[in-house]
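J.: Sharing final.csv, CSV, C-alpha atoms and all ligand atoms:
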```csv
chain,number,residue,atom,x,y,z
T,400,MET,CA,0.0,0.0,0.0
T,401,THR,CA,1.5,3.4,-1.1
T,402,THR,CA,1.0,6.2,1.4
T,403,ILE,CA,0.6,9.9,0.7
T,404,THR,CA,3.9,10.6,2.4
T,405,GLU,CA,5.8,8.1,0.1
T,406,THR,CA,4.1,9.6,-2.9
T,407,GLU,CA,5.1,13.1,-1.9
T,408,ILE,CA,8.7,12.1,-1.1
T,409,LYS,CA,8.9,10.6,-4.6
T,410,GLU,CA,7.4,13.8,-6.2
T,411,GLN,CA,10.3,15.9,-5.2
T,412,PRO,CA,12.0,16.0,-8.7
T,413,GLN,CA,8.7,17.4,-10.2
T,414,ALA,CA,8.2,19.8,-7.3
T,415,TRP,CA,11.7,21.3,-7.7
T,416,ALA,CA,11.3,21.7,-11.4
T,417,LYS,CA,8.0,23.4,-11.1
T,418,THR,CA,9.3,25.7,-8.3
T,419,LEU,CA,12.2,26.7,-10.4
T,420,GLU,CA,9.9,27.4,-13.4
T,421,ARG,CA,7.8,29.6,-11.2
T,422,PHE,CA,10.9,31.4,-9.8
T,423,ARG,CA,12.1,32.2,-13.3
T,424,SER,CA,8.7,33.7,-14.3
T,425,ASP,CA,8.5,35.7,-11.1
T,426,GLY,CA,11.3,38.2,-11.9
T,427,GLU,CA,9.6,41.5,-10.9
T,428,ASN,CA,8.5,40.1,-7.5
T,429,ILE,CA,11.9,38.5,-6.8
T,430,ARG,CA,13.7,41.8,-7.6
T,431,ALA,CA,11.3,43.8,-5.4
T,432,ALA,CA,11.8,41.3,-2.5
T,433,LEU,CA,15.6,41.5,-2.8
T,434,GLU,CA,15.5,45.3,-3.0
T,435,ALA,CA,13.6,45.2,0.4
T,436,PHE,CA,16.6,43.4,1.9
T,437,THR,CA,19.2,46.1,0.9
T,438,ASP,CA,21.2,47.2,4.0
T,439,LYS,CA,19.0,45.2,6.3
T,440,ARG,CA,19.8,42.5,8.8
T,441,LEU,CA,18.1,39.5,7.3
T,442,VAL,CA,16.3,37.2,9.7
T,443,PHE,CA,14.9,33.8,8.5
T,444,THR,CA,12.1,32.4,10.8
T,445,GLY,CA,9.5,29.7,11.0
T,446,CYS,CA,8.3,26.8,13.2
T,447,GLY,CA,9.1,23.1,13.3
T,448,THR,CA,10.3,21.9,9.9
T,449,SER,CA,10.2,25.4,8.6
T,450,TYR,CA,12.5,26.6,11.4
T,451,TYR,CA,15.0,23.8,10.5
T,452,LEU,CA,14.7,25.1,6.9
T,453,ALA,CA,15.5,28.6,8.2
T,454,LEU,CA,18.7,27.3,9.8
T,455,SER,CA,20.0,25.8,6.5
T,456,ALA,CA,18.7,28.7,4.4
T,457,ALA,CA,20.3,31.4,6.6
T,458,SER,CA,23.6,29.6,6.5
T,459,ALA,CA,23.5,29.1,2.7
T,460,TRP,CA,22.5,32.7,2.2
T,461,THR,CA,25.5,33.9,4.2
T,462,SER,CA,27.9,31.8,2.2
T,463,ILE,CA,26.4,32.6,-1.2
T,464,VAL,CA,25.7,36.3,-0.7
T,465,GLY,CA,28.4,37.2,1.7
T,466,ARG,CA,26.0,39.1,4.0
T,467,ALA,CA,24.9,37.6,7.3
T,468,GLY,CA,21.5,35.9,7.4
T,469,ARG,CA,20.3,34.6,10.8
T,470,ALA,CA,17.7,31.9,11.7
T,471,VAL,CA,15.4,32.4,14.7
T,472,THR,CA,12.3,30.6,15.8
T,473,ALA,CA,9.0,32.4,15.3
T,474,SER,CA,8.2,31.9,18.9
T,475,ASP,CA,11.4,33.7,20.0
T,476,VAL,CA,10.5,36.6,17.7
T,477,LEU,CA,7.2,36.9,19.6
T,478,LEU,CA,8.3,36.0,23.1
T,479,HIS,CA,11.9,37.2,23.3
T,480,PRO,CA,12.4,39.9,20.7
T,481,SER,CA,14.9,42.0,22.8
T,482,SER,CA,17.2,38.9,22.8
T,483,LEU,CA,17.2,38.9,19.0
T,484,PHE,CA,17.0,42.4,17.6
T,485,SER,CA,19.3,45.3,18.2
T,486,ARG,CA,17.7,48.5,19.2
T,487,THR,CA,19.0,50.3,16.2
T,488,GLY,CA,18.7,49.4,12.5
T,489,LYS,CA,15.8,47.7,10.8
T,490,PRO,CA,15.7,43.9,10.1
T,491,ALA,CA,14.1,42.3,7.1
T,492,GLY,CA,12.3,39.1,7.6
T,493,ILE,CA,11.9,35.9,5.5
T,494,VAL,CA,9.0,34.1,7.2
T,495,ILE,CA,8.8,30.4,6.1
T,496,SER,CA,5.6,28.3,6.5
T,497,ARG,CA,4.3,25.5,4.3
T,498,SER,CA,0.7,26.2,5.2
T,499,GLY,CA,1.0,30.0,5.8
T,500,GLU,CA,-1.5,29.4,8.6
T,501,THR,CA,0.8,28.5,11.6
T,502,THR,CA,-0.2,31.1,14.3
T,503,GLU,CA,3.4,31.8,15.5
T,504,ALA,CA,4.6,32.4,11.9
T,505,VAL,CA,1.7,34.7,11.1
T,506,ARG,CA,2.1,36.7,14.3
T,507,ALA,CA,5.9,36.9,13.9
T,508,ALA,CA,5.3,38.5,10.5
T,509,GLU,CA,2.8,41.0,12.0
T,510,PHE,CA,5.3,41.8,14.8
T,511,LEU,CA,8.1,42.4,12.4
T,512,ASN,CA,5.9,44.6,10.2
T,513,GLU,CA,4.3,46.6,13.1
T,514,LYS,CA,6.9,46.7,15.9
T,515,LYS,CA,10.1,46.5,13.9
T,516,GLY,CA,9.0,48.3,10.8
T,517,ALA,CA,10.6,45.5,8.9
T,518,GLU,CA,10.2,44.4,5.3
T,519,THR,CA,8.7,40.9,5.3
T,520,VAL,CA,8.7,38.2,2.6
T,521,ALA,CA,6.6,35.1,3.0
T,522,VAL,CA,8.0,31.8,1.6
T,523,THR,CA,5.1,29.3,1.4
T,524,CYS,CA,3.3,26.6,-0.6
T,525,GLN,CA,0.0,28.5,-0.1
T,526,PRO,CA,-0.2,31.8,-2.0
T,527,ASP,CA,-3.6,32.6,-0.6
T,528,SER,CA,-2.7,32.0,3.1
T,529,GLN,CA,-2.9,34.4,6.0
T,530,LEU,CA,0.9,34.8,6.0
T,531,ALA,CA,0.9,35.8,2.3
T,532,GLY,CA,-1.7,38.4,3.3
T,533,VAL,CA,0.4,39.8,6.1
T,534,CYS,CA,3.8,39.9,4.4
T,535,ARG,CA,4.8,42.6,1.9
T,536,ARG,CA,5.8,40.0,-0.7
T,537,THR,CA,5.3,36.3,-1.2
T,538,LEU,CA,7.5,33.7,-2.9
T,539,VAL,CA,5.7,30.4,-3.6
T,540,ALA,CA,7.1,26.9,-3.8
T,541,GLU,CA,5.1,24.5,-6.0
T,542,ALA,CA,4.9,21.8,-3.3
T,543,ALA,CA,1.5,21.8,-1.6
T,544,GLU,CA,1.1,18.7,0.4
T,545,GLU,CA,-1.6,16.5,1.9
T,546,SER,CA,0.6,14.6,4.4
T,547,VAL,CA,1.0,16.0,7.9
T,548,VAL,CA,4.7,15.6,7.6
T,549,MET,CA,6.7,18.0,5.4
T,550,THR,CA,8.9,16.4,2.8
T,551,LYS,CA,8.8,17.9,-0.8
T,552,SER,CA,7.7,21.3,0.7
T,553,PHE,CA,10.9,21.4,2.8
T,554,THR,CA,13.2,20.8,-0.1
T,555,SER,CA,11.3,22.9,-2.6
T,556,MET,CA,11.3,25.9,-0.4
T,557,LEU,CA,15.0,25.3,0.1
T,558,VAL,CA,15.6,25.2,-3.7
T,559,LEU,CA,13.6,28.5,-3.9
T,560,LEU,CA,15.6,30.2,-1.1
T,561,GLU,CA,18.9,29.1,-2.7
T,562,CYS,CA,17.8,30.5,-6.0
T,563,LEU,CA,17.0,33.8,-4.2
T,564,ALA,CA,20.5,33.9,-2.7
T,565,ALA,CA,22.1,33.1,-6.0
T,566,THR,CA,20.1,35.9,-7.7
T,567,GLU,CA,21.1,38.4,-5.0
T,568,ALA,CA,24.7,37.4,-5.5
T,569,GLY,CA,24.4,37.6,-9.3
T,570,ASN,CA,25.7,34.0,-9.5
T,571,ASP,CA,24.3,32.6,-12.7
T,572,GLU,CA,26.6,29.6,-12.5
T,573,LEU,CA,25.1,28.6,-9.2
T,574,LEU,CA,21.6,29.1,-10.6
T,575,GLU,CA,22.5,26.7,-13.4
T,576,GLU,CA,23.7,24.1,-10.9
T,577,LEU,CA,20.5,24.5,-8.9
T,578,ALA,CA,18.6,23.9,-12.2
T,579,THR,CA,20.2,20.4,-12.5
T,580,LEU,CA,19.0,19.2,-9.1
T,581,ALA,CA,15.6,17.9,-10.2
T,582,ASP,CA,17.2,15.5,-12.7
T,583,ARG,CA,19.8,14.4,-10.1
T,584,CYS,CA,17.0,13.7,-7.7
T,585,GLN,CA,15.0,11.8,-10.3
T,586,GLU,CA,18.0,9.5,-10.7
T,587,LEU,CA,18.8,9.3,-7.0
T,588,ILE,CA,15.5,8.2,-5.5
T,589,PRO,CA,15.1,4.8,-7.2
T,590,LYS,CA,18.7,4.0,-6.4
T,591,VAL,CA,18.5,4.6,-2.7
T,592,ASP,CA,14.9,3.5,-1.8
T,593,ASP,CA,15.6,-0.2,-1.3
T,594,ARG,CA,18.8,0.4,0.6
T,595,ALA,CA,17.1,2.9,2.9
T,596,ARG,CA,14.4,0.3,3.5
T,597,GLU,CA,17.1,-2.4,4.3
T,598,ILE,CA,18.7,-0.2,6.9
T,599,ALA,CA,15.3,0.8,8.4
T,600,GLN,CA,14.4,-2.8,8.9
T,601,LEU,CA,17.5,-3.6,11.1
T,602,ASP,CA,15.8,-4.5,14.4
T,603,ALA,CA,19.1,-4.1,16.3
T,604,LEU,CA,18.9,-0.3,15.7
T,605,ASP,CA,17.0,1.8,18.3
T,606,HIS,CA,18.8,5.1,18.5
T,607,PHE,CA,19.2,7.4,15.5
T,608,VAL,CA,21.7,10.3,15.4
T,609,PHE,CA,22.0,12.8,12.5
T,610,LEU,CA,25.2,14.9,12.2
T,611,GLY,CA,25.8,17.9,10.0
T,612,GLN,CA,28.0,21.0,10.1
T,613,GLY,CA,27.4,24.5,8.7
T,614,PRO,CA,24.3,24.5,6.3
T,615,LEU,CA,24.0,20.8,6.8
T,616,TYR,CA,23.0,21.2,10.5
T,617,GLY,CA,19.5,22.3,9.6
T,618,LEU,CA,19.2,19.2,7.4
T,619,ALA,CA,20.4,17.0,10.3
T,620,CYS,CA,17.7,18.6,12.5
T,621,GLU,CA,15.0,18.0,9.9
T,622,SER,CA,16.2,14.4,9.4
T,623,MET,CA,15.9,13.9,13.2
T,624,LEU,CA,12.4,15.4,13.1
T,625,LYS,CA,11.3,13.1,10.2
T,626,MET,CA,12.5,10.0,12.2
T,627,LYS,CA,10.5,11.2,15.3
T,628,GLU,CA,7.3,12.4,13.5
T,629,MET,CA,7.0,9.4,11.1
T,630,SER,CA,8.4,6.4,13.1
T,631,LEU,CA,8.2,7.7,16.8
T,632,SER,CA,11.9,6.6,17.2
T,633,THR,CA,14.5,8.0,19.5
T,634,SER,CA,16.4,10.4,17.3
T,635,GLU,CA,18.8,13.4,17.8
T,636,ALA,CA,20.7,15.9,15.7
T,637,PHE,CA,24.0,17.7,16.4
T,638,HIS,CA,26.7,19.7,14.7
T,639,THR,CA,29.1,16.9,13.8
T,640,LEU,CA,32.1,17.9,15.9
T,641,GLU,CA,29.8,18.9,18.8
T,642,PHE,CA,28.9,15.2,19.1
T,643,ARG,CA,32.2,14.5,20.9
T,644,HIS,CA,31.5,17.1,23.5
T,645,GLY,CA,29.1,14.9,25.6
T,646,PRO,CA,26.4,13.3,23.4
T,647,ILE,CA,28.9,10.6,22.3
T,648,SER,CA,28.4,9.1,25.8
T,649,THR,CA,25.0,7.7,24.6
T,650,ILE,CA,26.5,5.6,21.8
T,651,THR,CA,25.7,1.9,21.9
T,652,ASP,CA,25.6,-0.9,19.4
T,653,GLU,CA,21.9,0.0,18.9
T,654,SER,CA,22.9,3.4,17.5
T,655,LEU,CA,22.8,4.4,13.8
T,656,VAL,CA,24.9,7.5,13.2
T,657,VAL,CA,24.1,9.2,9.9
T,658,LEU,CA,26.7,11.7,8.8
T,659,LEU,CA,25.8,14.4,6.2
T,660,VAL,CA,29.3,14.8,4.7
T,661,SER,CA,30.4,18.2,3.3
T,662,ASP,CA,33.4,18.9,1.0
T,663,ALA,CA,34.5,21.9,3.1
T,664,ALA,CA,35.0,19.9,6.4
T,665,ARG,CA,34.9,16.3,5.3
T,666,GLU,CA,38.3,15.3,6.9
T,667,GLN,CA,37.2,16.4,10.4
T,668,GLU,CA,33.7,15.1,9.9
T,669,LEU,CA,34.9,11.6,8.9
T,670,LYS,CA,37.1,11.4,12.0
T,671,VAL,CA,33.9,11.7,14.2
T,672,LEU,CA,32.4,8.8,12.2
T,673,GLN,CA,35.4,6.7,13.0
T,674,ASP,CA,35.2,7.6,16.7
T,675,VAL,CA,31.5,6.4,17.0
T,676,GLN,CA,32.2,3.3,14.9
T,677,ARG,CA,35.0,2.4,17.4
T,678,LEU,CA,32.3,2.6,20.1
T,679,GLY,CA,30.1,0.1,18.3
T,680,ALA,CA,27.7,2.3,16.4
T,681,THR,CA,26.4,1.4,12.9
T,682,THR,CA,27.5,4.2,10.6
T,683,MET,CA,26.0,5.7,7.4
T,684,ALA,CA,27.6,8.4,5.3
T,685,VAL,CA,25.7,10.6,2.8
T,686,GLY,CA,27.5,12.9,0.4
T,687,ASP,CA,29.6,13.2,-2.8
T,688,ASP,CA,32.7,11.1,-3.5
T,689,LEU,CA,32.5,8.7,-0.6
T,690,GLY,CA,35.0,6.3,-2.1
T,691,GLY,CA,37.3,5.0,0.7
T,692,VAL,CA,35.1,6.4,3.5
T,693,ALA,CA,35.0,3.9,6.4
T,694,ALA,CA,31.3,3.7,7.0
T,695,ASP,CA,28.9,0.7,7.2
T,696,PHE,CA,26.6,2.2,4.6
T,697,HIS,CA,27.3,4.8,1.9
T,698,PHE,CA,24.8,7.0,0.0
T,699,GLU,CA,26.6,8.6,-3.0
T,700,LEU,CA,24.7,11.7,-4.2
T,701,LYS,CA,26.6,12.1,-7.4
T,702,SER,CA,25.4,15.6,-7.5
T,703,GLY,CA,28.0,17.1,-9.8
T,704,VAL,CA,27.5,20.5,-8.1
T,705,ARG,CA,29.2,22.4,-5.3
T,706,ASP,CA,28.6,21.9,-1.6
T,707,VAL,CA,26.0,24.6,-1.0
T,708,ALA,CA,24.0,23.8,-4.2
T,709,ARG,CA,23.5,20.1,-3.3
T,710,LEU,CA,21.8,20.7,0.1
T,711,PRO,CA,18.3,19.6,-1.1
T,712,LEU,CA,19.7,16.2,-2.4
T,713,TYR,CA,20.6,14.9,1.1
T,714,MET,CA,17.0,14.9,2.2
T,715,PRO,CA,15.2,12.2,0.1
T,716,ILE,CA,17.6,9.7,1.7
T,717,THR,CA,16.9,10.5,5.3
T,718,GLN,CA,13.2,11.0,4.6
T,719,LEU,CA,13.0,7.5,3.1
T,720,LEU,CA,15.0,6.1,6.0
T,721,ALA,CA,12.4,7.5,8.4
T,722,TYR,CA,9.5,6.5,6.2
T,723,HIS,CA,10.6,2.8,5.9
T,724,ARG,CA,11.3,2.7,9.7
T,725,ALA,CA,7.7,3.7,10.3
T,726,ARG,CA,6.4,1.0,7.9
T,727,HIS,CA,8.7,-1.5,9.5
T,728,LYS,CA,7.2,-0.7,12.9
T,729,GLY,CA,3.7,-0.9,11.5
T,730,ILE,CA,3.1,2.9,12.1
T,731,ASP,CA,1.1,5.0,9.6
T,732,PRO,CA,3.5,7.8,8.5
T,733,ASP,CA,0.5,9.8,7.1
T,734,ASN,CA,-1.0,10.4,10.6
T,735,PRO,CA,1.8,11.1,13.1
T,736,LYS,CA,0.8,10.8,16.7
T,737,ASN,CA,-0.3,14.0,18.5
T,738,LEU,CA,0.3,16.1,15.4
T,739,LYS,CA,-1.8,18.1,13.0
T,740,GLN,CA,-0.8,19.6,9.7
T,741,VAL,CA,-1.1,23.1,11.0
T,742,VAL,CA,-0.5,24.2,14.6
T,743,VAL,CA,-3.1,26.9,15.4
T,744,LEU,CA,-3.0,28.6,18.8
T,745,GLU,CA,-5.8,30.5,20.6
Z,801,LIG,C1,5.1,23.9,10.6
Z,801,LIG,C2,4.8,22.6,11.3
Z,801,LIG,C3,5.4,21.4,10.5
Z,801,LIG,C4,5.1,20.1,11.2
Z,801,LIG,C5,3.6,19.9,11.4
Z,801,LIG,C6,3.1,21.2,12.2
Z,801,LIG,O1,4.2,24.1,9.6
Z,801,LIG,O2,5.5,22.6,12.5
Z,801,LIG,O3,6.7,21.5,10.4
Z,801,LIG,O4,5.5,19.0,10.4
Z,801,LIG,O5,3.0,19.8,10.2
Z,801,LIG,O6,3.4,22.4,11.5
Z,801,LIG,P1,4.2,25.3,8.5
Z,801,LIG,O7,4.2,26.6,9.3
Z,801,LIG,O8,5.5,25.2,7.8
Z,801,LIG,O9,3.0,25.1,7.8
```
Please rewrite the model in this file as structure tokens.

T.:
Amino acid sequence: MTTITETEIKEQPQAWAKTLERFRSDGENIRAALEAFTDKRLVFTGCGTSYYLALSAASAWTSIVGRAGRAVTASDVLLHPSSLFSRTGKPAGIVISRSGETTEAVRAAEFLNEKKGAETVAVTCQPDSQLAGVCRRTLVAEAAEESVVMTKSFTSMLVLLECLAATEAGNDELLEELATLADRCQELIPKVDDRAREIAQLDALDHFVFLGQGPLYGLACESMLKMKEMSLSTSEAFHTLEFRHGPISTITDESLVVLLVSDAAREQELKVLQDVQRLGATTMAVGDDLGGVAADFHFELKSGVRDVARLPLYMPITQLLAYHRARHKGIDPDNPKNLKQVVVLE
């Protein structure tokens, strides 16, 4: 039986291609959104999966544009603004929300508009949502979903935000690389699906750790959340080298440690994988050029693009791992426990 979630994971190539097409035809809106960011401190914000997207998008923006972007939770914008915003200067806000109806995200946009006099841009899959109504401008990812859990919406909004950063940087080469991702994903998913299922069916595993540095940290967090939301498994996420500073004490032979490997820091990242392997963990490496990497399982992305451009390609692998773990445990991934598609507060 195919579930909605599995279908939406496997629709990512089409969603990325449609999102790119829409981005290319949205020139005037994109230019106006970027103009609004000029000389502003750029804040990326959202909730849940959309906050983890903000983490990776802010990091990618900073490395692509060369101007600092920062990720904060929508709840902190509302509840602890003085700990986030300097008293001088105006921020600009990118408010991320698949539904555009999450109360904290909508109120954070209102707060930024009214209290901080900020320019706000909504990034959403719902152009007619409340958030789109509150924000000055709206950028849309063609990835509306039925499932409670976010999969193609997460990666499609990431593709959109990377295109925005590449446009701001005037980096046409990077835009071309981003345009190749949909085809890469089309080739990747059939290649990794069965192996992700095999690993997910290992009964000896009972503790899932996702590691990522820099822009990969947000992806590690989102992978952790997918494993929780879909399969109700014990899962955690850390900056790769931070794992040695304490959490490594939880490693047992029931642990699967998934490393999202970057080019920029691979040497140091792989040493952490060796450390946990010595402690009995099962290890899995995801990245480009993994030849010679000492891991129990390798997932080659064969992306053919630079580090920051390949970020969306890591996700189908960890999404499928979580999905197959849920199926193996007899849990319906379409209806996660205690969770609705939109969190609406009084
Ligand atoms: C944010 C979110 C999702 C989570 C669940 C509840 O939604 O936290 O990340 O999976 O669906 O809502 P949104 O603001 O991006 O629509």

J.: Could the residues that lie within 7 Å of ligand LIG 801 (chain Z), counting only C-alpha atoms and all ligand atoms, be listed as a CSV table (one decimal) with C-alpha atoms, in the frame of the given file?

T.:
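File pocket-v5.csv, as written:
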```csv
chain,number,residue,atom,x,y,z
T,445,GLY,CA,9.5,29.7,11.0
T,446,CYS,CA,8.3,26.8,13.2
T,447,GLY,CA,9.1,23.1,13.3
T,448,THR,CA,10.3,21.9,9.9
T,449,SER,CA,10.2,25.4,8.6
T,495,ILE,CA,8.8,30.4,6.1
T,496,SER,CA,5.6,28.3,6.5
T,497,ARG,CA,4.3,25.5,4.3
T,498,SER,CA,0.7,26.2,5.2
T,499,GLY,CA,1.0,30.0,5.8
T,500,GLU,CA,-1.5,29.4,8.6
T,501,THR,CA,0.8,28.5,11.6
T,504,ALA,CA,4.6,32.4,11.9
T,547,VAL,CA,1.0,16.0,7.9
T,548,VAL,CA,4.7,15.6,7.6
T,549,MET,CA,6.7,18.0,5.4
T,738,LEU,CA,0.3,16.1,15.4
T,739,LYS,CA,-1.8,18.1,13.0
T,740,GLN,CA,-0.8,19.6,9.7
T,741,VAL,CA,-1.1,23.1,11.0
T,742,VAL,CA,-0.5,24.2,14.6
```

J.: Could you build a table of the residues in region 674-727 of chain T lying no more than 7 Å from region 599-621 of chain T, giving for each the nearest pair of atoms and their separation in Å rounded to one decimal place, using all atoms listed in the file, ordered by chain and ascending residue number, as JSON lines?

T.:
```
{"residue": "T:Leu720", "atom": "CA", "partner": "T:Ala599", "partner_atom": "CA", "distance": 5.8}
{"residue": "T:His723", "atom": "CA", "partner": "T:Ala599", "partner_atom": "CA", "distance": 5.7}
{"residue": "T:Arg724", "atom": "CA", "partner": "T:Ala599", "partner_atom": "CA", "distance": 4.6}
{"residue": "T:His727", "atom": "CA", "partner": "T:Gln600", "partner_atom": "CA", "distance": 5.9}
```

J.: Which one of T:Leu574, T:Leu655, T:Phe484, T:Cys534 sits closest to Gly679 (chain T) if you count all atoms listed in the file?

T.: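 Under the stated criterion, the closest residue is T:Leu655.
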
J.: Give the answer as one residue: which of T:Ile403, T:Ile647, T:Ala467, T:Ala680 has the shortest atom-to-atom distance to Lys439 (chain T), using only C-alpha atoms?

T.: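 The closest residue to Lys439 (chain T) is T:Ala467.
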
J.: At a cut-off of 8 Å, using only C-alpha atoms, what residues contact region 684-699 of chain T? Leave out same-chain residues fewer than 4 positions from it and give the result as JSON, numbers by chain.

T.: {"T": [591, 657, 658, 659, 660, 661, 662, 669, 672, 673, 676, 713, 716]}

J.: Please indicate the distance in Å from CA of Leu419 (chain T) to CA of Leu557 (chain T), rounded to one decimal place.

T.: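 We find that CA of Leu419 (chain T) and CA of Leu557 (chain T) lie 11.0 Å from each other.
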
J.: Write out as a list in words the residues lying within 10 Å of Thr444 (chain T), counting only C-alpha atoms and excluding same-chain residues fewer than 3 positions away.

T.: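 Using only C-alpha atoms, the neighbours found are Leu441, Ser449, Tyr450, Tyr451, Leu452, Ala453, Leu454, Ala456, Ala457, Arg469, Ala470, Val471, Thr472, Ala473, Ser474, Asp475, Val476, Gly492, Ile493, Val494, Ile495, Ser496, Glu503, Ala504, Ala507, Ala508 and Ala521 of chain T.
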
J.: For Trp415 (chain T), list every protein, DNA or RNA residue within 6 Å, evaluated using all atoms listed in the file, and leave out those in the same chain fewer than 3 positions away; present the list as JSON, numbers by chain.

T.: {"T": [412, 418, 555, 581]}

J.: Go through T:Glu544, T:Glu653, T:Glu745, T:Asp527 and flag the residue nearest Gln411 (chain T), using all atoms listed in the file for the distances.

T.: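 Of all the options, T:Glu544 lies closest to Gln411 (chain T).
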
J.: List the neighbours of Arg506 (chain T) out to 8 Å using all atoms listed in the file; skip same-chain residues closer than 4 positions along the sequence, and give me the result as a ChimeraX atom specification.

T.: /T:477,502,510

J.: Which residues, written as a short mmCIF file (atom, residue, chain, number, x, y, z; two decimals) with C-alpha atoms, in the frame of the given file, have at least one atom at most 6 Å from Cys524 (chain T), with only C-alpha atoms counted and residues fewer than 3 positions away on the same chain left out?

T.:
```cif
data_model
loop_
_atom_site.label_atom_id
_atom_site.label_comp_id
_atom_site.auth_asym_id
_atom_site.auth_seq_id
_atom_site.Cartn_x
_atom_site.Cartn_y
_atom_site.Cartn_z
CA ARG T 497 4.30 25.50 4.30
CA VAL T 539 5.70 30.40 -3.60
CA ALA T 540 7.10 26.90 -3.80
CA ALA T 542 4.90 21.80 -3.30
CA ALA T 543 1.50 21.80 -1.60
#
```

J.: List every protein, DNA or RNA residue with an atom no more than 12 Å from (11.7, 35.4, -12.2) in the file's coordinates, counting all atoms listed in the file, and format the result as a PDB file with C-alpha atoms, in the coordinates of the input.

T.:
```
ATOM      1  CA  THR T 418       9.300  25.700  -8.300  1.00  0.00           C
ATOM      2  CA  LEU T 419      12.200  26.700 -10.400  1.00  0.00           C
ATOM      3  CA  GLU T 420       9.900  27.400 -13.400  1.00  0.00           C
ATOM      4  CA  ARG T 421       7.800  29.600 -11.200  1.00  0.00           C
ATOM      5  CA  PHE T 422      10.900  31.400  -9.800  1.00  0.00           C
ATOM      6  CA  ARG T 423      12.100  32.200 -13.300  1.00  0.00           C
ATOM      7  CA  SER T 424       8.700  33.700 -14.300  1.00  0.00           C
ATOM      8  CA  ASP T 425       8.500  35.700 -11.100  1.00  0.00           C
ATOM      9  CA  GLY T 426      11.300  38.200 -11.900  1.00  0.00           C
ATOM     10  CA  GLU T 427       9.600  41.500 -10.900  1.00  0.00           C
ATOM     11  CA  ASN T 428       8.500  40.100  -7.500  1.00  0.00           C
ATOM     12  CA  ILE T 429      11.900  38.500  -6.800  1.00  0.00           C
ATOM     13  CA  ARG T 430      13.700  41.800  -7.600  1.00  0.00           C
ATOM     14  CA  ALA T 431      11.300  43.800  -5.400  1.00  0.00           C
ATOM     15  CA  ALA T 432      11.800  41.300  -2.500  1.00  0.00           C
ATOM     16  CA  LEU T 433      15.600  41.500  -2.800  1.00  0.00           C
ATOM     17  CA  LEU T 538       7.500  33.700  -2.900  1.00  0.00           C
ATOM     18  CA  VAL T 539       5.700  30.400  -3.600  1.00  0.00           C
ATOM     19  CA  LEU T 559      13.600  28.500  -3.900  1.00  0.00           C
ATOM     20  CA  CYS T 562      17.800  30.500  -6.000  1.00  0.00           C
ATOM     21  CA  LEU T 563      17.000  33.800  -4.200  1.00  0.00           C
ATOM     22  CA  THR T 566      20.100  35.900  -7.700  1.00  0.00           C
ATOM     23  CA  LEU T 574      21.600  29.100 -10.600  1.00  0.00           C
TER      24      LEU T 574
END
```

J.: Between T:Ser455, T:Gln413, T:Gln718, T:Asn512, single out the one closest to Ser630 (chain T), counting all atoms listed in the file.

T.: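 So, comparing all the options, the nearest one is T:Gln718.
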
J.: Quote the spacing between CA of Gln525 (chain T) and CA of Glu541 (chain T) in Å to one decimal place.

T.: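 That distance, rounded to one decimal, is 8.8 Å.
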
J.: Hey, can you pull every residue with an atom no more than 10 Å from (26.6, 21.2, -9.6), using only C-alpha atoms, and send it as a VMD selection string?

T.: chain T and resid 572 to 580 583 701 to 709

J.: Give the answer as one residue: which of T:His638, T:Glu628, T:Asp674, T:Gly468 has the shortest atom-to-atom distance to Phe443 (chain T), using all atoms listed in the file?

T.: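 Among the listed residues, T:Gly468 lies closest to Phe443 (chain T).
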
J.: Looking at T:Val671, T:Leu710, T:Ile588, T:Ala725, which one is nearest to Arg643 (chain T), with distances taken over all atoms listed in the file?

T.: T:Val671

J.: Just to confirm, what's the straight-line distance from CA of Leu640 (chain T) to CA of Met623 (chain T) in Å (one decimal)?

T.: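 Straight-line distance from CA of Leu640 (chain T) to CA of Met623 (chain T) works out to 16.9 Å.
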